[in-house]
>>> print(open('query.cif').read())   # mmCIF, C-alpha atoms
data_input
loop_
_atom_site.label_atom_id
_atom_site.label_comp_id
_atom_site.auth_asym_id
_atom_site.auth_seq_id
_atom_site.Cartn_x
_atom_site.Cartn_y
_atom_site.Cartn_z
CA MET A 1 3.96 -54.14 112.14
CA GLN A 2 3.44 -57.43 110.30
CA ILE A 3 0.16 -58.48 108.71
CA LEU A 4 -1.81 -61.17 110.53
CA LYS A 5 -1.47 -64.49 108.70
CA ASN A 6 -4.63 -66.38 107.77
CA ARG A 7 -3.88 -69.73 109.37
CA PHE A 8 -7.27 -71.16 108.35
CA ARG A 9 -6.56 -70.54 104.67
CA ARG A 10 -3.13 -72.12 105.01
CA ALA A 11 -4.64 -75.15 106.72
CA LEU A 12 -7.10 -75.63 103.86
CA GLN A 13 -4.31 -75.31 101.31
CA ALA A 14 -2.32 -77.94 103.23
CA GLY A 15 -5.28 -80.33 103.14
CA GLU A 16 -5.79 -80.25 106.90
CA ARG A 17 -9.18 -80.92 108.46
CA GLN A 18 -10.68 -77.97 110.29
CA ILE A 19 -13.43 -78.62 112.84
CA GLY A 20 -15.61 -75.67 113.78
CA LEU A 21 -18.50 -74.41 115.87
CA TRP A 22 -21.39 -72.12 114.91
CA VAL A 23 -21.56 -69.07 117.19
CA GLY A 24 -24.89 -67.27 117.41
CA LEU A 25 -25.05 -65.81 120.91
CA ALA A 26 -23.74 -62.50 119.54
CA ASP A 27 -21.70 -61.85 122.66
CA ALA A 28 -17.96 -61.22 122.99
CA ASN A 29 -17.68 -63.03 126.33
CA ALA A 30 -19.32 -66.14 124.90
CA ALA A 31 -17.11 -65.96 121.81
CA GLU A 32 -13.97 -65.68 123.92
CA LEU A 33 -15.06 -68.58 126.12
CA LEU A 34 -15.60 -70.77 123.05
CA ALA A 35 -12.32 -69.66 121.46
CA GLY A 36 -10.42 -71.50 124.16
CA THR A 37 -12.27 -74.81 123.91
CA GLY A 38 -10.29 -76.36 121.07
CA PHE A 39 -12.17 -75.70 117.84
CA ASP A 40 -10.14 -74.80 114.77
CA TRP A 41 -12.67 -72.16 113.74
CA LEU A 42 -15.71 -70.31 115.01
CA LEU A 43 -18.42 -69.00 112.69
CA LEU A 44 -19.78 -65.59 113.69
CA ASP A 45 -23.24 -65.61 112.16
CA ASN A 46 -24.73 -62.34 110.93
CA GLU A 47 -27.38 -64.03 108.78
CA HIS A 48 -29.54 -65.63 111.47
CA ALA A 49 -28.05 -64.38 114.75
CA PRO A 50 -28.62 -60.83 116.11
CA ASN A 51 -25.19 -59.57 115.03
CA ASP A 52 -24.09 -56.40 113.28
CA VAL A 53 -20.73 -54.87 112.40
CA ARG A 54 -20.15 -53.61 115.95
CA THR A 55 -20.96 -56.89 117.73
CA THR A 56 -18.89 -58.78 115.17
CA LEU A 57 -15.96 -56.44 115.79
CA ASP A 58 -16.16 -57.09 119.53
CA GLN A 59 -16.15 -60.85 118.94
CA LEU A 60 -13.23 -60.66 116.52
CA ARG A 61 -11.22 -58.85 119.19
CA ALA A 62 -12.21 -61.44 121.79
CA ILE A 63 -11.23 -64.41 119.63
CA GLU A 64 -7.99 -63.08 118.16
CA PRO A 65 -5.60 -64.08 121.01
CA TYR A 66 -6.82 -67.69 120.91
CA PRO A 67 -6.03 -70.59 118.55
CA SER A 68 -9.53 -70.62 117.02
CA HIS A 69 -9.92 -68.74 113.73
CA ALA A 70 -12.92 -66.45 113.31
CA ILE A 71 -15.04 -66.80 110.17
CA VAL A 72 -17.72 -64.18 109.54
CA ARG A 73 -20.96 -64.81 107.67
CA PRO A 74 -22.61 -61.60 106.41
CA VAL A 75 -26.38 -61.43 106.20
CA ARG A 76 -26.23 -61.45 102.39
CA ALA A 77 -23.85 -61.39 99.44
CA GLU A 78 -23.26 -57.66 99.16
CA VAL A 79 -20.06 -55.85 98.15
CA SER A 80 -20.42 -53.09 100.75
CA LEU A 81 -20.90 -55.57 103.59
CA VAL A 82 -17.83 -57.54 102.53
CA LYS A 83 -15.80 -54.33 102.63
CA GLN A 84 -16.98 -53.51 106.15
CA TYR A 85 -16.21 -56.94 107.58
CA LEU A 86 -12.78 -57.06 105.98
CA ASP A 87 -11.99 -53.57 107.28
CA ILE A 88 -12.83 -54.53 110.88
CA GLY A 89 -10.42 -57.44 110.66
CA ALA A 90 -12.27 -60.49 109.36
CA GLN A 91 -9.92 -62.55 107.19
CA THR A 92 -12.29 -65.36 106.24
CA LEU A 93 -15.84 -64.81 105.01
CA LEU A 94 -18.64 -67.30 104.43
CA ILE A 95 -21.07 -65.84 101.91
CA PRO A 96 -24.63 -67.24 101.97
CA MET A 97 -26.85 -68.18 99.06
CA ILE A 98 -24.42 -68.25 96.15
CA ASN A 99 -26.23 -69.86 93.23
CA THR A 100 -24.07 -69.08 90.19
CA ALA A 101 -20.46 -68.62 89.19
CA GLU A 102 -21.27 -64.98 88.38
CA GLU A 103 -22.33 -64.38 91.98
CA ALA A 104 -19.19 -66.12 93.21
CA ARG A 105 -16.99 -63.95 90.98
CA LEU A 106 -18.60 -60.80 92.34
CA MET A 107 -17.75 -61.87 95.89
CA VAL A 108 -14.16 -62.61 94.85
CA GLN A 109 -13.97 -59.10 93.44
CA ALA A 110 -15.40 -57.70 96.68
CA THR A 111 -12.60 -59.26 98.74
CA ARG A 112 -9.73 -57.95 96.57
CA TYR A 113 -8.22 -54.50 96.28
CA PRO A 114 -7.93 -53.10 92.72
CA PRO A 115 -6.85 -53.94 90.13
CA GLU A 116 -7.68 -57.55 91.11
CA GLY A 117 -11.01 -56.54 92.62
CA VAL A 118 -13.27 -53.73 93.77
CA ARG A 119 -12.66 -53.53 97.51
CA GLY A 120 -12.65 -49.87 98.50
CA LEU A 121 -9.46 -48.39 99.92
CA GLY A 122 -9.90 -47.03 103.43
CA ALA A 123 -6.98 -48.50 105.34
CA ALA A 124 -6.51 -45.43 107.52
CA LEU A 125 -9.89 -46.21 109.12
CA ALA A 126 -9.49 -49.99 109.13
CA ARG A 127 -8.66 -52.18 112.08
CA ALA A 128 -7.44 -54.79 109.57
CA SER A 129 -4.46 -52.58 108.69
CA ARG A 130 -4.09 -51.48 112.32
CA TRP A 131 -4.97 -48.04 111.04
CA ASN A 132 -2.19 -48.01 108.44
CA GLN A 133 0.41 -49.39 110.83
CA VAL A 134 0.74 -52.81 109.10
CA ASP A 135 3.67 -52.79 106.70
CA ASP A 136 2.55 -52.66 103.06
CA TYR A 137 -0.98 -53.72 104.00
CA LEU A 138 -2.63 -52.71 100.72
CA ASN A 139 -0.27 -54.92 98.70
CA ARG A 140 -0.44 -57.88 101.06
CA ALA A 141 -4.06 -57.98 102.17
CA ASN A 142 -5.40 -59.93 99.18
CA ASP A 143 -3.21 -62.92 100.04
CA GLU A 144 -4.58 -63.19 103.58
CA VAL A 145 -8.30 -63.30 102.71
CA ALA A 146 -10.16 -66.61 102.41
CA LEU A 147 -13.49 -66.69 100.61
CA LEU A 148 -15.99 -69.46 101.29
CA VAL A 149 -19.33 -69.56 99.48
CA GLN A 150 -22.48 -71.43 100.42
CA ALA A 151 -24.37 -73.84 98.19
CA GLU A 152 -27.88 -74.05 99.63
CA THR A 153 -30.25 -74.58 96.71
CA ARG A 154 -30.83 -76.97 93.83
CA GLN A 155 -29.70 -74.21 91.48
CA ALA A 156 -26.38 -73.96 93.31
CA MET A 157 -25.95 -77.72 93.17
CA ARG A 158 -26.53 -77.69 89.40
CA ASN A 159 -23.89 -74.97 89.04
CA LEU A 160 -21.54 -76.43 91.61
CA MET A 161 -18.55 -77.20 89.39
CA GLU A 162 -18.60 -73.70 87.91
CA ILE A 163 -18.95 -72.10 91.36
CA ALA A 164 -16.18 -74.20 92.89
CA SER A 165 -13.88 -73.61 89.92
CA THR A 166 -14.11 -69.83 90.30
CA ASP A 167 -10.65 -68.34 90.83
CA GLY A 168 -10.47 -66.83 94.29
CA VAL A 169 -13.02 -69.14 95.89
CA ASP A 170 -11.22 -71.14 98.58
CA GLY A 171 -14.07 -73.42 99.54
CA VAL A 172 -17.74 -74.29 99.14
CA PHE A 173 -19.91 -74.84 102.19
CA PHE A 174 -23.14 -76.83 102.03
CA GLY A 175 -26.16 -75.61 103.99
CA PRO A 176 -28.26 -78.72 104.68
CA SER A 177 -31.23 -76.89 106.20
CA ASP A 178 -31.89 -74.54 103.29
CA LEU A 179 -30.97 -77.20 100.75
CA SER A 180 -33.43 -79.66 102.26
CA ALA A 181 -36.19 -77.04 102.14
CA ASP A 182 -35.44 -76.26 98.50
CA MET A 183 -35.59 -79.99 97.76
CA GLY A 184 -39.09 -80.18 99.25
CA LEU A 185 -37.82 -81.73 102.47
CA ARG A 186 -38.11 -78.78 104.85
CA GLY A 187 -36.99 -79.66 108.36
CA GLN A 188 -35.32 -82.88 107.17
CA ALA A 189 -31.70 -81.79 106.81
CA ASN A 190 -30.48 -85.33 107.51
CA HIS A 191 -32.80 -86.98 104.96
CA ALA A 192 -31.09 -89.62 102.80
CA ASP A 193 -31.65 -87.59 99.62
CA VAL A 194 -30.08 -84.51 101.19
CA ARG A 195 -27.15 -86.53 102.49
CA GLN A 196 -26.57 -88.03 99.06
CA ALA A 197 -26.72 -84.62 97.37
CA ILE A 198 -24.13 -83.25 99.78
CA ILE A 199 -21.83 -86.26 99.45
CA GLU A 200 -21.97 -85.92 95.66
CA GLY A 201 -21.40 -82.18 96.04
CA ILE A 202 -18.33 -82.74 98.19
CA ALA A 203 -16.85 -84.90 95.43
CA ILE A 204 -17.49 -82.18 92.83
CA VAL A 205 -15.86 -79.50 94.97
CA ARG A 206 -12.83 -81.70 95.54
CA ARG A 207 -12.53 -82.35 91.79
CA ALA A 208 -12.41 -78.59 91.32
CA GLY A 209 -9.44 -78.51 93.68
CA LYS A 210 -11.26 -76.66 96.44
CA ALA A 211 -12.17 -77.40 100.06
CA ALA A 212 -15.68 -78.58 100.93
CA GLY A 213 -17.48 -77.80 104.17
CA VAL A 214 -20.79 -78.43 105.90
CA LEU A 215 -22.70 -77.78 109.12
CA VAL A 216 -23.91 -80.98 110.78
CA THR A 217 -24.63 -81.67 114.44
CA ASP A 218 -25.20 -85.41 114.11
CA ARG A 219 -21.84 -86.95 115.02
CA LYS A 220 -22.24 -90.06 112.88
CA LEU A 221 -23.24 -88.00 109.85
CA ALA A 222 -20.37 -85.60 110.49
CA GLN A 223 -17.99 -88.55 110.26
CA GLU A 224 -19.68 -89.62 107.00
CA TYR A 225 -19.13 -86.19 105.49
CA LEU A 226 -15.52 -86.15 106.67
CA ALA A 227 -14.97 -89.60 105.19
CA ALA A 228 -16.48 -88.33 101.91
CA GLY A 229 -13.85 -85.60 101.79
CA ALA A 230 -15.34 -82.63 103.64
CA GLN A 231 -12.46 -80.58 105.00
CA PHE A 232 -14.02 -77.88 107.18
CA VAL A 233 -17.00 -79.08 109.20
CA ALA A 234 -19.02 -77.28 111.86
CA VAL A 235 -20.16 -79.92 114.35
CA GLY A 236 -22.25 -77.84 116.74
CA VAL A 237 -24.15 -74.63 117.44
CA ASP A 238 -23.50 -72.68 120.64
CA THR A 239 -27.14 -71.91 121.35
CA SER A 240 -28.16 -75.55 120.95
CA LEU A 241 -25.31 -76.73 123.17
CA LEU A 242 -26.33 -74.30 125.91
CA VAL A 243 -30.02 -75.18 125.75
CA ARG A 244 -29.34 -78.91 125.67
CA ALA A 245 -26.92 -78.84 128.61
CA SER A 246 -29.22 -76.60 130.64
CA ARG A 247 -32.28 -78.75 130.04
CA GLU A 248 -30.41 -81.95 130.79
CA LEU A 249 -29.19 -80.44 134.07
CA ALA A 250 -32.71 -79.34 134.94
CA HIS A 251 -34.02 -82.80 134.04
CA SER A 252 -31.56 -84.43 136.40
CA PHE A 253 -33.45 -82.69 139.20
CA GLY A 254 -36.91 -82.75 137.61
CA ASP A 255 -39.03 -84.67 135.13
CA ALA A 256 -38.68 -85.75 131.52
CA SER A 257 -40.52 -82.67 130.22
CA SER A 258 -37.25 -80.74 130.42
CA LEU A 259 -35.45 -82.97 127.94
CA TRP A 260 -34.20 -81.44 124.69
CA PRO A 261 -36.45 -82.58 121.80
CA GLU A 262 -34.76 -84.45 119.00
CA SER A 263 -34.36 -82.43 115.80
CA ASP A 264 -33.20 -83.18 112.28
CA GLY A 265 -30.36 -80.82 111.46
CA ALA A 266 -28.57 -77.94 113.13
CA TYR A 267 -31.34 -75.33 112.82
#
>>> encode(input="query.cif", output="structure tokens")
Amino acid sequence: MQILKNRFRRALQAGERQIGLWVGLADANAAELLAGTGFDWLLLDNEHAPNDVRTTLDQLRAIEPYPSHAIVRPVRAEVSLVKQYLDIGAQTLLIPMINTAEEARLMVQATRYPPEGVRGLGAALARASRWNQVDDYLNRANDEVALLVQAETRQAMRNLMEIASTDGVDGVFFGPSDLSADMGLRGQANHADVRQAIIEGIAIVRRAGKAAGVLVTDRKLAQEYLAAGAQFVAVGVDTSLLVRASRELAHSFGDASSLWPESDGAY
């Protein structure tokens, strides 16, 4: 049996844009529905959504037959969590709250089998290896893992070149909501100062030879970030799309009180 190729990582290496959607419903049926709608990637969020290893596994299985690539965000940057998500079949991880190159290097180590890293060997129990049925899995797995790290604080922005230059980091993803809060602009993810910081950050990541990404639900701003060089951009959140569409439908038969309130940012 052949190892599953990481098409998302190959797309980034080829310089291709990858447009994604944030998935927080924590449901395999919803994930499968979204996997067929045309997005290049879907982010399965374990940090803010009610996910765990089991619900993430179910969603990975649901998405796998479709063109969309599943990216998993653990709740925190922890070696043991990285091991679990890789073992259940995640090939691309988005690690939150990386503030230093040292933290980035630890996550690189967590995604690699020894001697390149510290990922524990348990392929006989791992869906990723199809329970030891993938040919030469242990020697090929490292090449099919993509590591994305999040820059969400002023400290991370100060250390951005060092973080992005870390060997084994495939991309840096900007979190506008947390960054805006750390900048004293809580709830203003689309503020001009936040936008400028992210645009400057995108340029730094590109100079390091890595892919830059961001979550932004404002379509005009998404185009600005793409024009600035962002390569993998999440342009929506499933929960927000569902609420907005439902309220707009209700409003079409009711009054204006059912309209979705305007918000600044994805969260």
>>> resolve_selection(input="query.cif", expression="the PyMOL selection byres ((chain A and resi 194) around 10)", output="PyMOL selection string")
chain A and resi 176-177+179-181+183+185+188-193+195-200
>>> residues_around(input="query.cif", residues="Ala164 of chain A", least_positions_apart="2", cutoff="10 Å", atoms="only C-alpha atoms", output="VMD selection string")
chain A and resid 100 to 101 104 148 to 149 151 159 to 162 166 to 172 204 to 212
>>> resolve_selection(input="query.cif", expression="the PyMOL selection byres ((chain A and resi 154) around 8)", output="PDB file with C-alpha atoms, keeping the file's coordinate frame")
ATOM      1  CA  GLU A 152     -27.880 -74.050  99.630  1.00  0.00           C
ATOM      2  CA  THR A 153     -30.250 -74.580  96.710  1.00  0.00           C
ATOM      3  CA  GLN A 155     -29.700 -74.210  91.480  1.00  0.00           C
ATOM      4  CA  ALA A 156     -26.380 -73.960  93.310  1.00  0.00           C
ATOM      5  CA  MET A 157     -25.950 -77.720  93.170  1.00  0.00           C
ATOM      6  CA  ARG A 158     -26.530 -77.690  89.400  1.00  0.00           C
ATOM      7  CA  LEU A 179     -30.970 -77.200 100.750  1.00  0.00           C
ATOM      8  CA  ASP A 182     -35.440 -76.260  98.500  1.00  0.00           C
ATOM      9  CA  MET A 183     -35.590 -79.990  97.760  1.00  0.00           C
TER      10      MET A 183
END
>>> residues_around(input="query.cif", residues="segment 58-74 of chain A", least_positions_apart="3", cutoff="8 Å", atoms="all atoms listed in the file", output="PyMOL selection string")
chain A and resi 7-8+26-29+31-32+35-36+38-47+54-55+77+81-82+85+89-96
>>> residues_around(input="query.cif", residues="segment 122-139 of chain A", least_positions_apart="3", cutoff="7 Å", atoms="all atoms listed in the file", output="PyMOL selection string")
chain A and resi 1-3+86-89
>>> closest_atom_pairs(input="query.cif", of="segment 58-102 of chain A", to="segment 115-121 of chain A", cutoff="9 Å", atoms="all atoms listed in the file", output="Markdown table")
| residue | atom | partner | partner_atom | distance |
| --- | --- | --- | --- | --- |
| A:Val79 | CA | A:Arg119 | CA | 7.8 |
| A:Ser80 | CA | A:Arg119 | CA | 8.4 |
| A:Val82 | CA | A:Arg119 | CA | 8.2 |
| A:Lys83 | CA | A:Arg119 | CA | 6.1 |
>>> axis_aligned_box(input="query.cif", around="segment 186-204 of chain A", padding_each_side="3 Å", output="lines of an AutoDock Vina configuration file")
center_x = -27.5
center_y = -84.2
center_z = 100.6
size_x = 27.3
size_y = 16.8
size_z = 21.5
>>> resolve_selection(input="query.cif", expression="the PyMOL selection byres ((chain A and resi 217-234) around 8)", output="list of chain:residue names")
A:Leu12, A:Gly15, A:Glu16, A:Arg17, A:Gln18, A:Ile19, A:Gly20, A:Leu21, A:Trp22, A:Ile199, A:Ile202, A:Ala203, A:Arg206, A:Ala211, A:Ala212, A:Gly213, A:Val214, A:Leu215, A:Val216, A:Val235, A:Gly236, A:Val237, A:Gly265, A:Ala266
>>> atom_distance(input="query.cif", atom1="atom CA of Asn6 of chain A", atom2="atom CA of Ala141 of chain A")
10.1 Å
>>> atom_distance(input="query.cif", atom1="atom CA of Met97 of chain A", atom2="atom CA of Leu147 of chain A")
13.5 Å
>>> closest_residue(input="query.cif", among="A:Leu34, A:Leu106, A:Ala11, A:Val23", to="His48 of chain A", atoms="only C-alpha atoms")
A:Val23
>>> closest_residue(input="query.cif", among="A:Leu25, A:Ala14, A:Ala146, A:Thr37", to="Ser240 of chain A", atoms="all atoms listed in the file")
A:Leu25
